[in-house]
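Dumped entry07.pdb below, it's PDB, C-alpha atoms:
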```pdb
ATOM      1  CA  MET A  24      79.045 292.266  17.351
ATOM      2  CA  LYS A  25      77.204 293.959  14.548
ATOM      3  CA  ARG A  26      75.293 296.591  16.446
ATOM      4  CA  ALA A  27      75.468 298.064  19.885
ATOM      5  CA  ARG A  28      72.719 297.103  22.251
ATOM      6  CA  GLN A  29      71.220 299.981  24.129
ATOM      7  CA  ARG A  30      70.027 299.637  27.697
ATOM      8  CA  PRO A  31      66.237 299.325  27.668
ATOM      9  CA  ASP A  32      65.089 302.819  28.571
ATOM     10  CA  LYS A  33      61.682 304.519  28.522
ATOM     11  CA  ILE A  34      62.981 307.698  26.853
ATOM     12  CA  THR A  35      65.825 306.653  24.559
ATOM     13  CA  ALA A  36      64.596 303.165  23.648
ATOM     14  CA  PRO A  37      60.864 302.996  24.358
ATOM     15  CA  GLU A  38      60.384 299.962  22.094
ATOM     16  CA  THR A  39      62.565 297.909  24.456
ATOM     17  CA  TYR A  40      61.407 299.299  27.783
ATOM     18  CA  THR A  41      59.700 296.611  29.915
ATOM     19  CA  ASN A  42      60.550 293.963  27.306
ATOM     20  CA  PRO A  43      62.082 290.986  29.152
ATOM     21  CA  ILE A  44      63.839 289.736  26.021
ATOM     22  CA  SER A  45      65.535 293.103  25.515
ATOM     23  CA  TYR A  46      66.697 293.154  29.126
ATOM     24  CA  ALA A  47      67.997 289.575  28.911
ATOM     25  CA  ILE A  48      69.934 290.342  25.746
ATOM     26  CA  PHE A  49      71.300 293.597  27.152
ATOM     27  CA  HIS A  50      72.649 291.917  30.280
ATOM     28  CA  SER A  51      74.102 288.949  28.390
ATOM     29  CA  VAL A  52      75.975 291.257  26.034
ATOM     30  CA  GLN A  53      77.044 293.532  28.896
ATOM     31  CA  THR A  54      78.713 290.554  30.594
ATOM     32  CA  LEU A  55      80.601 289.697  27.402
ATOM     33  CA  ASP A  56      81.550 293.347  26.885
ATOM     34  CA  GLU A  57      83.378 293.308  30.226
ATOM     35  CA  VAL A  58      85.509 290.400  28.995
ATOM     36  CA  VAL A  59      86.159 292.162  25.679
ATOM     37  CA  VAL A  60      87.273 295.349  27.443
ATOM     38  CA  GLN A  61      89.712 293.371  29.599
ATOM     39  CA  MET A  62      91.202 291.619  26.570
ATOM     40  CA  ASP A  63      91.387 294.870  24.574
ATOM     41  CA  GLU A  64      93.207 296.563  27.451
ATOM     42  CA  LYS A  65      95.660 293.678  27.689
ATOM     43  CA  TRP A  66      96.301 292.954  23.995
ATOM     44  CA  GLY A  67      95.037 296.008  22.107
ATOM     45  CA  VAL A  68      91.674 296.637  20.492
ATOM     46  CA  ASP A  69      90.605 293.717  18.275
ATOM     47  CA  ARG A  70      94.174 292.407  18.255
ATOM     48  CA  LEU A  71      93.859 289.109  20.125
ATOM     49  CA  PRO A  72      92.501 286.953  17.233
ATOM     50  CA  ALA A  73      95.568 287.939  15.195
ATOM     51  CA  LEU A  74      97.885 286.648  17.931
ATOM     52  CA  VAL A  75      96.625 283.066  17.981
ATOM     53  CA  SER A  76      96.660 280.168  15.513
ATOM     54  CA  ALA A  77      94.524 280.329  12.388
ATOM     55  CA  GLU A  78      92.403 277.466  13.711
ATOM     56  CA  THR A  79      91.658 279.263  16.979
ATOM     57  CA  ALA A  80      90.959 282.532  15.173
ATOM     58  CA  SER A  81      88.614 280.704  12.791
ATOM     59  CA  ARG A  82      86.642 279.129  15.647
ATOM     60  CA  PHE A  83      86.423 282.536  17.314
ATOM     61  CA  GLY A  84      85.154 284.135  14.091
ATOM     62  CA  SER A  85      82.529 281.441  13.688
ATOM     63  CA  ALA A  86      81.344 281.911  17.273
ATOM     64  CA  LYS A  87      81.155 285.673  16.776
ATOM     65  CA  ALA A  88      79.088 285.254  13.602
ATOM     66  CA  LYS A  89      76.685 282.970  15.486
ATOM     67  CA  LEU A  90      76.286 285.607  18.201
ATOM     68  CA  ASP A  91      75.574 288.224  15.547
ATOM     69  CA  ALA A  92      72.910 285.948  14.032
ATOM     70  CA  ALA A  93      71.283 285.438  17.437
ATOM     71  CA  LEU A  94      71.262 289.204  17.981
ATOM     72  CA  GLU A  95      69.632 289.732  14.593
ATOM     73  CA  THR A  96      66.819 287.317  15.449
ATOM     74  CA  ASN A  97      66.445 288.736  18.974
ATOM     75  CA  ASP A  98      66.840 285.243  20.465
ATOM     76  CA  ASP A  99      67.649 285.900  24.122
ATOM     77  CA  VAL A 100      68.413 282.272  24.989
ATOM     78  CA  GLU A 101      70.797 281.857  22.061
ATOM     79  CA  VAL A 102      72.429 285.244  22.753
ATOM     80  CA  ALA A 103      73.152 284.189  26.339
ATOM     81  CA  ARG A 104      74.585 280.877  25.118
ATOM     82  CA  ARG A 105      76.724 282.535  22.452
ATOM     83  CA  CYS A 106      78.011 285.180  24.882
ATOM     84  CA  SER A 107      79.186 282.374  27.175
ATOM     85  CA  VAL A 108      80.877 280.616  24.258
ATOM     86  CA  LEU A 109      82.668 283.825  23.245
ATOM     87  CA  ALA A 110      83.766 284.558  26.808
ATOM     88  CA  ARG A 111      85.350 281.095  26.949
ATOM     89  CA  GLY A 112      86.867 281.755  23.528
ATOM     90  CA  TYR A 113      88.501 284.958  24.753
ATOM     91  CA  ALA A 114      89.918 283.066  27.735
ATOM     92  CA  ALA A 115      91.313 280.356  25.458
ATOM     93  CA  MET A 116      92.832 282.924  23.090
ATOM     94  CA  ASP A 117      94.387 284.736  26.036
ATOM     95  CA  VAL A 118      96.069 281.527  27.203
ATOM     96  CA  GLU A 119      97.215 280.676  23.688
ATOM     97  CA  ALA A 120      98.583 284.163  23.030
ATOM     98  CA  GLU A 121     100.504 284.030  26.320
ATOM     99  CA  ARG A 122     101.912 280.627  25.382
ATOM    100  CA  LEU A 123     102.931 281.829  21.915
ATOM    101  CA  GLY A 124     104.573 284.928  23.371
TER     102      GLY A 124
END
```

Go through the file and emit its structure as structure tokens.
Amino acid sequence: MKRARQRPDKITAPETYTNPISYAIFHSVQTLDEVVVQMDEKWGVDRLPALVSAETASRFGSAKAKLDAALETNDDVEVARRCSVLARGYAAMDVEAERLG
């Protein structure tokens, strides 16, 4: 993801405080971040895409770029959708990396 999303907060992020779109995006990304942390702990930071086929890594990269685009446009519905796609992508890469050894 291009930029870190900060929890909507009255003091540190007043422009997002009480904004339902900001909260929706924050929680969608937070859910994906939990998956990323698990995969980074298992395989190493940002290492998993290098352990799978080029085709799988390419699909993952495309999905990540689409999430970044949704974040840039502040599209909460698309961010939630793309976070789900990436979470499934991490699961698929995990299975493939296990299979490939």

For stretch 75-120 of chain A against stretch 53-69 of chain A, with a cut-off of 8 Å and counting all atoms listed in the file, what is the closest atom pair and its distance in Å to one decimal for every residue that makes the cut, ordered by chain and number, as JSON lines?
```
{"residue": "A:Cys106", "atom": "CA", "partner": "A:Leu55", "partner_atom": "CA", "distance": 5.8}
{"residue": "A:Ser107", "atom": "CA", "partner": "A:Leu55", "partner_atom": "CA", "distance": 7.5}
{"residue": "A:Leu109", "atom": "CA", "partner": "A:Leu55", "partner_atom": "CA", "distance": 7.5}
{"residue": "A:Ala110", "atom": "CA", "partner": "A:Leu55", "partner_atom": "CA", "distance": 6.1}
{"residue": "A:Tyr113", "atom": "CA", "partner": "A:Met62", "partner_atom": "CA", "distance": 7.4}
{"residue": "A:Asp117", "atom": "CA", "partner": "A:Met62", "partner_atom": "CA", "distance": 7.6}
```

Counting all atoms listed in the file, what are the residues of stretch 32-94 of chain A within 7 Å of stretch 98-102 of chain A, and for each of them which pair of atoms is the nearest and at what distance in Å, to one decimal? Sort the table by chain and rising number, as CSV.
```
residue,atom,partner,partner_atom,distance
A:Ile44,CA,A:Asp99,CA,5.7
A:Ala47,CA,A:Asp99,CA,6.0
A:Ile48,CA,A:Asp99,CA,5.3
A:Ser51,CA,A:Val102,CA,6.9
A:Leu90,CA,A:Val102,CA,6.0
A:Ala93,CA,A:Asp98,CA,5.4
A:Leu94,CA,A:Val102,CA,6.3
```

Task: Selected residue of minimal separation from A:Thr79 among A:Ala92, A:Arg111, A:Pro43, A:Asn97, counting only C-alpha atoms - done: A:Arg111

8 Å per side around stretch 68-82 of chain A: axis-aligned box centre and edge lengths, as lines of an AutoDock Vina configuration file:
```
center_x = 92.3
center_y = 287.1
center_z = 16.4
size_x = 27.2
size_y = 35.2
size_z = 24.1
```

Task: Pairwise distance for atom CA of A:Ala88 and atom CA of A:Arg105, rounded to one decimal in Å - done: 9.6 Å

Mind checking which residues fall within 10 Å of A:Ala73, counting all atoms listed in the file, ignoring those fewer than 5 positions away in the same chain, and posting them as a PDB file with C-alpha atoms, in the coordinates of the input?
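And here's around_7.pdb as it stands now:
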```
ATOM      1  CA  THR A  79      91.658 279.263  16.979  1.00  0.00           C
ATOM      2  CA  ALA A  80      90.959 282.532  15.173  1.00  0.00           C
ATOM      3  CA  MET A 116      92.832 282.924  23.090  1.00  0.00           C
ATOM      4  CA  ALA A 120      98.583 284.163  23.030  1.00  0.00           C
TER       5      ALA A 120
END
```

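The nearest approach to A:Asp91 among the residues A:Leu123, A:Ala115, A:Leu74, A:Val52, with only C-alpha atoms taken into account, belongs to A:Val52.
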
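Of the listed residues A:Arg70, A:Thr96, A:Val108, A:Ala103, the one whose atoms come nearest to A:Phe83 is A:Val108, with distances taken using only C-alpha atoms.
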
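If you look at atom CA of A:Gly112 and atom CA of A:Ser45, they are 24.2 Å away from each other.
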